[in-house]
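For reference, the structure is listed below as structure tokens.
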Amino acid sequence: MKLAWFGALLPAILGLGIDLLIVYRMVEIPIIYFRADAGSLVFLTGITLSILLIIGVAAQNIINHRNREIRAEVHAQAADERRRFLRRLDHELKNPLTAIRAGLANLAEAPSIETRQEAFHSVESQTLRLSRLAADLRKLAELETRMVERSPVDIGQLLQEAFDIANDHPQAGQRHLSLSIPQVPWPLPTIQGDPDLLFLAIHNLLDNAIKFTRVGDTVEVRAFEDGSTLAIEIADTGPGISEEDLSHVWEELYRGISARGIPGSGLGLALVRAVAERHNGHASLRSRPGKGTVFTLKLPLG
């Protein structure tokens, strides 16, 4: 890029150098007289303008062609993402619907009350699963269009509320949960945001940490100032995330190999990312298989 700029300026630099040599009589240059009639000058002017216009049109065509290529790439990528989303949605709907059909069949043919109760509970759990999936899809769609309410949010209080709810999780008693909120030399500053959406993001990260860890694992929640942002980290000593899953975990309805058999809609992390972006922040993760995972939510201060 630097060489291109130098090449563009080279004629002007050479012209200036030669002009200085002539002005200060450092070289002897004979005076050249040029004579042309008005018709020739008009003709030369027309040729010059035509050349400039041709160059401009060619440059514009190149720019338009590149823009069309970029738009085509964006449309193709969007189409691929939409197809992947529909395939995952089909998969997420197919399993509970199949289970519901089987449960209804068992209800009709159940020989005993116990069998009917088991079939009823199966249908009920799968119905709740579909209900949660529909609710999460609706939340994700609303995040793309709804106005984010801005009000002062005490992140320390929000984390404490999410932490208290996480302790009521059925599996929380089998993990070591800890919360670290700095108080000295000063507490966490408030931020401007939507408390309901921020609570949703924190709750989803905590819920994931509990679900994807094992008995005896540790889950830490911590928050701190990081320059012009406030960072919230949810760290765990779980099995970690494989390399092939790392680039996909934020996608809607994506469920990696480690997520199979674990309840969830596959939309939790997509919601976290959407909430972060709507607050002009971002979400990220670090993970080491066999060691654990750290999810980080960074939100701007002020």
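Following the order of the structure tokens, chains are lettered A, B, ..., residues in each are numbered from 1, and ligands are numbered from 1.
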What lies within 7 Å of segment 236-248 of chain A using only C-alpha atoms, ignoring chain neighbours under 2 positions off, as JSON, numbers by chain? {"A": [209, 212, 213, 214, 217, 218, 219, 220, 234, 250, 251, 254, 256, 287, 288, 289, 290, 291, 292, 293, 294]}
Residue contacts of segment 170-186 of chain A (12 Å, only C-alpha atoms) excluding same-chain residues fewer than 3 positions away, as a PyMOL selection string: chain A and resi 154-167+189-190+206-225+230-238
For the strand (DSSP E or B) assignment from backbone DSSP, which residues of segment 31-273 of chain A qualify? Please present them as a PyMOL selection string. chain A and resi 151-153+176-180+191-193+218-226+229-236
Of the listed residues A:Arg138, A:His282, A:Thr98, A:Leu53, that which approaches Val123 of chain A most closely, counting only C-alpha atoms: A:Thr98
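In this model, the gap between atom CA of Thr229 of chain A and atom CA of Lys298 of chain A comes to 6.1 Å.
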Using only C-alpha atoms, which protein or nucleic acid residues come within 9 Å of Phe120 of chain A? Drop anything in the same chain fewer than 3 positions from it, and give the result as a VMD selection string. chain A and resid 103 to 104 106 to 107 115 to 117 123 to 125
Write a file of the selected residues as a PDB file, in the first residue's frame, keeping C-alpha atoms.
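What follows is the written file again12.pdb:
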```pdb
ATOM      1  CA  GLY A 103     -46.190 -41.224  24.863  1.00  0.00           C
ATOM      2  CA  LEU A 104     -49.713 -40.717  23.531  1.00  0.00           C
ATOM      3  CA  ASN A 106     -48.552 -45.607  25.365  1.00  0.00           C
ATOM      4  CA  LEU A 107     -51.349 -43.730  27.103  1.00  0.00           C
ATOM      5  CA  THR A 115     -47.469 -47.155  32.735  1.00  0.00           C
ATOM      6  CA  ARG A 116     -49.994 -44.419  32.018  1.00  0.00           C
ATOM      7  CA  GLN A 117     -48.334 -42.118  34.539  1.00  0.00           C
ATOM      8  CA  VAL A 123     -45.531 -36.172  27.195  1.00  0.00           C
ATOM      9  CA  GLU A 124     -45.526 -33.388  29.788  1.00  0.00           C
ATOM     10  CA  SER A 125     -41.714 -33.031  29.827  1.00  0.00           C
TER      11      SER A 125
END
```
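Taking atom CA of Thr127 of chain A and atom CA of Leu253 of chain A as the two end points, the separation is 17.7 Å.
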In Å, rounded to a single decimal, give me how far atom CA of Gly268 of chain A is from atom CA of Asp226 of chain A.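 Computed distance, atom CA of Asp226 of chain A to atom CA of Gly268 of chain A, equals 24.9 Å.
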